[in-house]
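Q: Handing over input12.txt, compact mmCIF, C-alpha atoms and all ligand atoms.
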```txt
# COMPACT_ATOMS: atom_id res chain seq x y z
CA MET A 26 114.71 86.17 85.48
CA ARG A 27 114.45 83.08 83.32
CA LEU A 28 112.35 80.18 84.69
CA ASP A 29 112.23 76.79 83.01
CA VAL A 30 109.93 74.06 84.29
CA VAL A 31 110.25 70.48 83.02
CA THR A 32 107.26 68.23 83.76
CA ILE A 33 105.14 65.46 82.29
CA PHE A 34 102.08 67.65 83.01
CA PRO A 35 102.74 71.06 81.38
CA ASP A 36 99.06 72.02 81.86
CA TYR A 37 99.60 71.81 85.63
CA LEU A 38 101.67 75.00 85.39
CA ALA A 39 98.85 76.99 83.72
CA PRO A 40 98.22 79.05 86.92
CA LEU A 41 101.62 80.70 86.33
CA ARG A 42 99.83 82.73 83.63
CA LEU A 43 97.42 84.18 86.23
CA SER A 44 97.55 86.86 88.90
CA LEU A 45 100.85 88.25 90.17
CA VAL A 46 103.17 85.76 88.45
CA GLY A 47 101.15 86.02 85.24
CA LYS A 48 101.53 89.80 85.28
CA ALA A 49 105.30 89.47 85.86
CA VAL A 50 105.46 87.15 82.83
CA ALA A 51 103.34 89.52 80.71
CA ALA A 52 105.54 92.46 81.77
CA GLY A 53 108.71 90.61 80.73
CA ILE A 54 110.10 90.51 84.29
CA VAL A 55 109.94 86.72 84.12
CA ASP A 56 110.78 84.68 81.02
CA LEU A 57 108.72 81.53 81.73
CA ARG A 58 109.25 78.38 79.67
CA VAL A 59 107.32 75.19 80.46
CA HIS A 60 108.51 71.97 78.78
CA ASP A 61 107.01 68.51 78.39
CA LEU A 62 109.61 65.94 79.46
CA ARG A 63 108.13 63.50 76.94
CA GLU A 64 109.59 65.65 74.13
CA TRP A 65 112.87 63.97 75.05
CA THR A 66 111.61 60.38 74.74
CA HIS A 67 112.09 58.29 71.59
CA ASP A 68 109.84 55.25 71.94
CA LYS A 69 106.26 54.82 70.74
CA HIS A 70 104.84 55.07 74.28
CA ARG A 71 106.99 58.09 75.23
CA THR A 72 108.13 56.24 78.35
CA VAL A 73 109.61 58.24 81.23
CA ASP A 74 109.52 55.66 84.06
CA ASP A 75 110.63 52.17 84.94
CA THR A 76 110.74 49.76 87.89
CA PRO A 77 113.02 50.65 90.81
CA ALA A 78 116.50 49.14 90.86
CA GLY A 79 116.62 46.80 93.86
CA GLY A 80 112.88 46.17 93.72
CA GLY A 81 110.03 47.66 95.71
CA PRO A 82 106.78 49.42 94.94
CA GLY A 83 106.12 52.19 92.41
CA MET A 84 108.09 53.47 89.45
CA VAL A 85 111.14 55.72 89.10
CA MET A 86 111.75 58.33 86.38
CA ARG A 87 114.39 57.08 83.92
CA PRO A 88 117.52 59.22 83.55
CA GLU A 89 117.74 59.45 79.72
CA PRO A 90 114.88 61.93 79.04
CA TRP A 91 116.03 64.12 81.94
CA GLY A 92 119.62 64.07 80.72
CA GLU A 93 118.56 65.08 77.21
CA ALA A 94 116.22 67.77 78.55
CA LEU A 95 118.99 69.36 80.64
CA ASP A 96 121.51 69.13 77.76
CA THR A 97 119.04 70.86 75.42
CA LEU A 98 117.96 73.62 77.82
CA ALA A 99 121.41 74.22 79.33
CA PRO A 100 124.06 72.87 76.95
CA PRO A 101 127.31 71.92 78.71
CA GLY A 102 129.90 74.67 78.33
CA GLY A 103 127.25 77.41 78.17
CA PRO A 104 125.59 79.43 80.92
CA GLN A 105 123.99 77.19 83.55
CA PRO A 106 120.82 77.62 85.63
CA ARG A 107 120.42 76.78 89.29
CA LEU A 108 118.54 73.48 89.20
CA VAL A 109 115.71 73.09 91.71
CA VAL A 110 114.47 69.54 92.25
CA PRO A 111 111.38 69.44 94.49
CA THR A 112 111.38 66.39 96.76
CA PRO A 113 110.01 65.62 100.23
CA ALA A 114 113.54 64.37 100.98
CA GLY A 115 115.01 67.83 100.29
CA VAL A 116 116.17 70.75 102.42
CA PRO A 117 113.25 72.90 103.65
CA PHE A 118 112.15 75.73 101.37
CA THR A 119 112.20 78.93 103.45
CA GLN A 120 111.84 82.66 102.94
CA ALA A 121 115.66 82.88 103.12
CA LEU A 122 115.94 80.44 100.20
CA ALA A 123 113.26 82.39 98.32
CA ASP A 124 115.41 85.54 98.77
CA GLU A 125 118.44 83.66 97.46
CA TYR A 126 116.55 82.37 94.41
CA ALA A 127 115.18 85.85 93.67
CA ALA A 128 118.80 86.99 93.12
CA GLU A 129 119.47 84.23 90.54
CA PRO A 130 119.23 85.03 86.82
CA TRP A 131 117.98 81.57 85.90
CA LEU A 132 116.17 78.74 87.72
CA LEU A 133 115.26 75.39 86.20
CA PHE A 134 112.68 73.21 87.96
CA ALA A 135 112.72 69.43 87.44
CA CYS A 136 109.31 68.12 88.51
CA GLY A 137 109.40 64.48 89.56
CA ARG A 138 106.47 62.03 89.65
CA TYR A 139 106.07 58.45 90.87
CA GLU A 140 108.83 57.59 93.39
CA GLY A 141 111.02 60.40 92.05
CA ILE A 142 113.85 60.89 89.54
CA ASP A 143 116.81 58.51 89.15
CA GLN A 144 119.47 60.02 91.47
CA ARG A 145 122.09 59.97 88.70
CA VAL A 146 120.26 62.84 86.95
CA ILE A 147 120.79 65.04 90.00
CA ASP A 148 124.38 63.87 90.56
CA HIS A 149 125.31 64.35 86.90
CA ALA A 150 123.74 67.81 86.68
CA GLY A 151 125.64 68.72 89.86
CA GLN A 152 128.90 68.37 87.91
CA ARG A 153 128.10 71.49 85.89
CA MET A 154 125.38 73.47 87.69
CA ARG A 155 124.27 74.24 91.22
CA VAL A 156 121.57 71.77 92.26
CA ASP A 157 119.16 72.03 95.20
CA GLU A 158 116.83 69.25 96.29
CA VAL A 159 114.10 71.20 98.09
CA SER A 160 111.05 70.23 100.15
CA ILE A 161 108.05 72.54 100.61
CA GLY A 162 106.95 70.78 103.79
CA ASP A 163 106.83 67.59 105.78
CA TYR A 164 104.21 65.78 103.74
CA VAL A 165 104.19 63.89 100.43
CA LEU A 166 102.60 65.25 97.26
CA ALA A 167 101.95 63.23 94.10
CA GLY A 168 104.35 65.32 91.99
CA GLY A 169 106.78 68.23 91.93
CA GLU A 170 104.49 70.57 89.98
CA ALA A 171 102.55 71.92 92.98
CA ALA A 172 105.86 72.43 94.79
CA ALA A 173 107.29 74.31 91.78
CA LEU A 174 104.17 76.55 91.76
CA VAL A 175 104.70 77.34 95.44
CA ILE A 176 108.41 78.09 95.08
CA ILE A 177 107.95 80.18 91.93
CA GLU A 178 105.20 82.30 93.49
CA ALA A 179 107.29 82.93 96.62
CA VAL A 180 110.28 83.94 94.47
CA VAL A 181 108.58 86.02 91.79
CA ARG A 182 106.79 88.30 94.28
CA LEU A 183 110.26 89.32 95.55
CA LEU A 184 111.48 90.48 92.12
CA PRO A 185 111.77 94.25 91.66
CA GLY A 186 108.70 95.71 89.95
CA VAL A 187 106.36 92.79 90.73
CA LEU A 188 104.59 94.06 93.88
CA GLY A 189 102.71 97.36 93.58
CA ASN A 190 104.09 98.47 96.94
CA PRO A 191 107.46 96.87 97.79
CA GLU A 192 106.97 97.95 101.42
CA SER A 193 104.54 94.99 101.65
CA LEU A 194 107.65 92.82 101.85
CA THR A 195 109.15 94.46 104.93
CA GLU A 196 106.75 93.54 107.76
CA GLU A 197 105.73 90.09 106.65
CA SER A 198 105.65 86.78 108.46
CA HIS A 199 109.04 85.06 108.11
CA THR A 200 111.02 88.24 107.41
CA GLY A 201 111.70 89.77 110.86
CA GLY A 202 111.56 86.46 112.72
CA LEU A 203 107.97 86.93 113.97
CA LEU A 204 104.65 86.01 112.39
CA GLU A 205 102.66 88.99 111.16
CA TYR A 206 100.05 90.64 113.41
CA PRO A 207 96.33 90.26 112.50
CA VAL A 208 95.07 92.70 109.88
CA TYR A 209 91.71 94.49 109.51
CA THR A 210 89.97 96.83 107.05
CA LYS A 211 86.63 98.68 106.77
CA PRO A 212 83.91 98.59 108.01
CA ALA A 213 84.85 99.39 111.61
CA HIS A 214 81.88 97.29 112.88
CA TRP A 215 80.87 94.01 111.26
CA ARG A 216 78.58 91.27 112.57
CA GLY A 217 79.10 92.37 116.15
CA LEU A 218 82.89 92.47 115.82
CA ASP A 219 84.95 95.69 115.94
CA VAL A 220 88.26 96.65 114.43
CA PRO A 221 90.53 97.07 117.49
CA PRO A 222 90.05 100.77 118.45
CA VAL A 223 93.81 101.45 118.61
CA LEU A 224 94.01 100.91 114.84
CA LEU A 225 91.51 103.76 114.33
CA SER A 226 93.27 106.09 116.81
CA GLY A 227 95.67 107.61 114.27
CA HIS A 228 98.41 107.27 116.90
CA HIS A 229 101.31 105.70 114.96
CA GLY A 230 103.39 104.85 118.04
CA ARG A 231 100.55 103.03 119.77
CA ILE A 232 99.56 101.23 116.58
CA ALA A 233 103.13 100.00 116.07
CA ARG A 234 103.30 98.80 119.70
CA TRP A 235 99.94 96.99 119.43
CA ARG A 236 101.04 95.27 116.23
CA ARG A 237 104.32 94.20 117.79
CA ASP A 238 102.51 92.79 120.85
CA GLN A 239 100.09 90.87 118.64
CA ALA A 240 102.94 89.50 116.51
CA LEU A 241 104.77 88.34 119.63
CA ARG A 242 101.67 86.67 121.12
CA ARG A 243 100.75 84.99 117.86
CA THR A 244 104.28 83.69 117.32
CA ALA A 245 104.53 82.41 120.91
CA ARG A 246 101.22 80.56 120.52
CA ARG A 247 101.60 79.15 117.02
CA ARG A 248 105.35 78.96 116.39
CA PRO A 249 107.31 78.91 119.65
CA ASP A 250 110.22 77.49 117.61
CA LEU A 251 110.53 80.84 115.77
CA LEU A 252 110.49 82.81 119.00
CA ALA A 253 113.14 80.56 120.52
CA ARG A 254 115.41 81.22 117.52
CA LEU A 255 115.24 85.05 117.88
CA PRO A 256 118.53 86.54 119.10
CA ALA A 257 118.20 88.11 122.58
CA GLU A 258 118.87 91.60 121.20
CA ALA A 259 115.83 91.29 118.88
CA LEU A 260 113.54 91.68 121.93
CA ASP A 261 113.24 94.93 123.91
CA ALA A 262 112.19 95.23 127.58
CA ARG A 263 108.53 95.77 126.65
CA ASP A 264 108.58 92.71 124.35
CA ARG A 265 109.57 90.57 127.31
CA GLU A 266 106.46 91.67 129.23
CA VAL A 267 104.07 90.45 126.50
N1 LIG A 301 109.30 58.41 97.20
C1 LIG A 301 109.51 59.78 97.49
C2 LIG A 301 109.96 59.94 98.94
O1 LIG A 301 109.44 59.25 99.80
O2 LIG A 301 110.82 60.83 99.21
C3 LIG A 301 108.20 60.56 97.28
C4 LIG A 301 107.88 60.75 95.85
S1 LIG A 301 106.45 61.77 95.62
C5 LIG A 301 105.16 60.60 95.61
C6 LIG A 301 106.55 62.24 93.94
C7 LIG A 301 107.14 63.59 93.66
O3 LIG A 301 106.35 64.60 94.31
C8 LIG A 301 108.53 63.85 94.16
O4 LIG A 301 109.50 63.35 93.28
C9 LIG A 301 108.58 65.35 94.23
O5 LIG A 301 108.82 65.90 92.96
C10 LIG A 301 107.15 65.70 94.63
N2 LIG A 301 106.98 66.00 96.06
C11 LIG A 301 106.25 65.25 96.93
N3 LIG A 301 106.24 65.81 98.15
C12 LIG A 301 106.98 66.92 98.07
C13 LIG A 301 107.37 67.91 99.02
N4 LIG A 301 106.97 67.86 100.29
N5 LIG A 301 108.15 68.93 98.59
C14 LIG A 301 108.56 68.99 97.32
N6 LIG A 301 108.24 68.08 96.37
C15 LIG A 301 107.45 67.05 96.72
```
Kindly present the structure from the file in C-alpha cells form.
A:
Amino acid sequence: MRLDVVTIFPDYLAPLRLSLVGKAVAAGIVDLRVHDLREWTHDKHRTVDDTPAGGGPGMVMRPEPWGEALDTLAPPGGPQPRLVVPTPAGVPFTQALADEYAAEPWLLFACGRYEGIDQRVIDHAGQRMRVDEVSIGDYVLAGGEAAALVIIEAVVRLLPGVLGNPESLTEESHTGGLLEYPVYTKPAHWRGLDVPPVLLSGHHGRIARWRRDQALRRTARRRPDLLARLPAEALDARDREV
C-alpha cells in the first residue's frame, strides 16, 4: 500500500517510523511518503494560509499549494489515490472504514491546520479522485496530523503480514459488535487480585462463555448504543440472561 501524507509539519509524522507501522514500512508492506506542503509555495515566506473569505477569526489554508501538491503527487490522467482529509466536520472514522481503507492500493492524507483547507481543494480533487472528509471523534484538534497518525495505524495493522498473529483481529472491540472482554496474564495472583479462576481452568467452553458474558456486560455498561445496534439474531438465549 502506498501512503502519502501532506503536512506543514513533516516531523509530526516521525512516529510512523516506529513500532508496528515502522516495521511495515521497513518490510516494504507500506510505501510511506511524507511531504512538506511548503515545497509547493513560491513566495519568500512560503505562505500557506490567508484570512477567511467573509471574515471571522483564524486563518484558512490557501488552495494553490494544495492544488500543486495534488497535481504533482497524483497527476491528472494517471492513477489516483483515495484522498483522506481529516476534519472534525467529517464522517466518523470507524473500524468499517479502516477495513475499507486497508483494501485500497493508495491513500493520500491532506493534513489541515488553522481553520482548515479552502473547500475548493476538496471539491476540485473530487472531480478526479475519491475524497473522504473524516473525523476521528467529536472534539477539535489543532491539526490533521494526529488524526492521520490514528487512521494510518488503524489501517496498517489490518494489512496482511503486519500482525504476528492475524487471529488477533478476529475477537477485537468493534469487530463483532461488542467491546472486548477484559484480559489477564501471569502471575495468577498480584497485589491481592486474582486472575478469574475460569481462565485457568483449561475448559475452553467455559472460558468462551465467560468472555462472552464479560463482553456483553462491558458493552451494556459503556456503550449501550453498540448493544442496541446488534441484530436480534446476534444474541442467543444465554446472552439475554446476562
Ligand atoms: N474550524 C474547523 C471546524 O470547526 O470544523 C476546525 C479546524 S481544526 C482547529 C484544524 C485542523 O485539525 C482541521 O483542519 C483538521 O485537519 C484537524 N482536526 C481537528 N479536529 C479533528 C477531528 N476531530 N478529526 C479529524 N481531524 C481533525
Q: At what distance in Å, to one decimal, does atom CA of Lys48 of chain A lie from atom CA of Val109 of chain A?
A: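 Straight-line distance from atom CA of Val109 of chain A to atom CA of Lys48 of chain A works out to 22.8 Å.
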Q: Could you tell me how far atom O2 of ligand LIG 301 (chain A) lies from atom CA of Val85 of chain A, in Å and to one decimal?
A: 11.3 Å
Q: Once you count all atoms listed in the file, what closest atom pair and distance in Å to one decimal does each residue of chain A within 9 Å of ligand LIG 301 (chain A) have, with rows by chain and rising residue number, as JSON lines?
A:
```
{"residue": "A:Gly83", "atom": "CA", "partner": "A:LIG301", "partner_atom": "N1", "distance": 8.5}
{"residue": "A:Val85", "atom": "CA", "partner": "A:LIG301", "partner_atom": "N1", "distance": 8.7}
{"residue": "A:Met86", "atom": "CA", "partner": "A:LIG301", "partner_atom": "O4", "distance": 8.8}
{"residue": "A:Val110", "atom": "CA", "partner": "A:LIG301", "partner_atom": "O5", "distance": 6.8}
{"residue": "A:Pro111", "atom": "CA", "partner": "A:LIG301", "partner_atom": "N6", "distance": 3.9}
{"residue": "A:Thr112", "atom": "CA", "partner": "A:LIG301", "partner_atom": "N6", "distance": 3.6}
{"residue": "A:Pro113", "atom": "CA", "partner": "A:LIG301", "partner_atom": "C13", "distance": 3.7}
{"residue": "A:Ala114", "atom": "CA", "partner": "A:LIG301", "partner_atom": "O2", "distance": 4.8}
{"residue": "A:Gly115", "atom": "CA", "partner": "A:LIG301", "partner_atom": "N5", "distance": 7.2}
{"residue": "A:Pro117", "atom": "CA", "partner": "A:LIG301", "partner_atom": "N5", "distance": 8.2}
{"residue": "A:Phe118", "atom": "CA", "partner": "A:LIG301", "partner_atom": "N5", "distance": 8.4}
{"residue": "A:Ala135", "atom": "CA", "partner": "A:LIG301", "partner_atom": "O5", "distance": 7.6}
{"residue": "A:Cys136", "atom": "CA", "partner": "A:LIG301", "partner_atom": "O5", "distance": 5.0}
{"residue": "A:Gly137", "atom": "CA", "partner": "A:LIG301", "partner_atom": "O5", "distance": 3.7}
{"residue": "A:Arg138", "atom": "CA", "partner": "A:LIG301", "partner_atom": "C6", "distance": 4.3}
{"residue": "A:Tyr139", "atom": "CA", "partner": "A:LIG301", "partner_atom": "C6", "distance": 4.9}
{"residue": "A:Glu140", "atom": "CA", "partner": "A:LIG301", "partner_atom": "N1", "distance": 3.9}
{"residue": "A:Gly141", "atom": "CA", "partner": "A:LIG301", "partner_atom": "O4", "distance": 3.5}
{"residue": "A:Ile142", "atom": "CA", "partner": "A:LIG301", "partner_atom": "O4", "distance": 6.2}
{"residue": "A:Glu158", "atom": "CA", "partner": "A:LIG301", "partner_atom": "C14", "distance": 8.3}
{"residue": "A:Val159", "atom": "CA", "partner": "A:LIG301", "partner_atom": "C14", "distance": 6.0}
{"residue": "A:Ser160", "atom": "CA", "partner": "A:LIG301", "partner_atom": "N5", "distance": 3.5}
{"residue": "A:Ile161", "atom": "CA", "partner": "A:LIG301", "partner_atom": "N5", "distance": 4.1}
{"residue": "A:Gly162", "atom": "CA", "partner": "A:LIG301", "partner_atom": "N4", "distance": 4.6}
{"residue": "A:Asp163", "atom": "CA", "partner": "A:LIG301", "partner_atom": "N4", "distance": 5.5}
{"residue": "A:Tyr164", "atom": "CA", "partner": "A:LIG301", "partner_atom": "N4", "distance": 4.9}
{"residue": "A:Val165", "atom": "CA", "partner": "A:LIG301", "partner_atom": "N3", "distance": 3.6}
{"residue": "A:Leu166", "atom": "CA", "partner": "A:LIG301", "partner_atom": "C11", "distance": 3.7}
{"residue": "A:Ala167", "atom": "CA", "partner": "A:LIG301", "partner_atom": "C5", "distance": 4.4}
{"residue": "A:Gly168", "atom": "CA", "partner": "A:LIG301", "partner_atom": "O3", "distance": 3.1}
{"residue": "A:Gly169", "atom": "CA", "partner": "A:LIG301", "partner_atom": "O5", "distance": 3.3}
{"residue": "A:Glu170", "atom": "CA", "partner": "A:LIG301", "partner_atom": "O5", "distance": 7.0}
{"residue": "A:Ala171", "atom": "CA", "partner": "A:LIG301", "partner_atom": "N6", "distance": 7.7}
{"residue": "A:Ala172", "atom": "CA", "partner": "A:LIG301", "partner_atom": "C14", "distance": 5.1}
{"residue": "A:Ala173", "atom": "CA", "partner": "A:LIG301", "partner_atom": "C14", "distance": 7.8}
```
Q: A:Arg248, A:His70, A:Arg182, A:Arg236: which is nearest Asp264 of chain A, counting only C-alpha atoms?
A: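 The shortest atom-to-atom distance to Asp264 of chain A comes from A:Arg236.
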Q: Using only C-alpha atoms, what does the table of segment 96-186 of chain A residues within 12 Å of segment 200-214 of chain A look like, with each row giving the shortest atom pair and its distance in Å to one decimal, sorted by chain and ascending number, as a tab-separated table?
A:
```
residue	atom	partner	partner_atom	distance
A:Thr119	CA	A:Thr200	CA	10.2
A:Gln120	CA	A:Thr200	CA	7.2
A:Ala121	CA	A:Thr200	CA	8.3
A:Leu122	CA	A:Thr200	CA	11.7
A:Ala123	CA	A:Thr200	CA	11.0
A:Asp124	CA	A:Thr200	CA	10.1
A:Leu183	CA	A:Thr200	CA	11.9
```
Q: Figure out the distance between atom CA of Ala245 of chain A and atom CA of Leu224 of chain A, please, to one decimal in Å.
A: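 Atom CA of Leu224 of chain A sits 22.1 Å away from atom CA of Ala245 of chain A.
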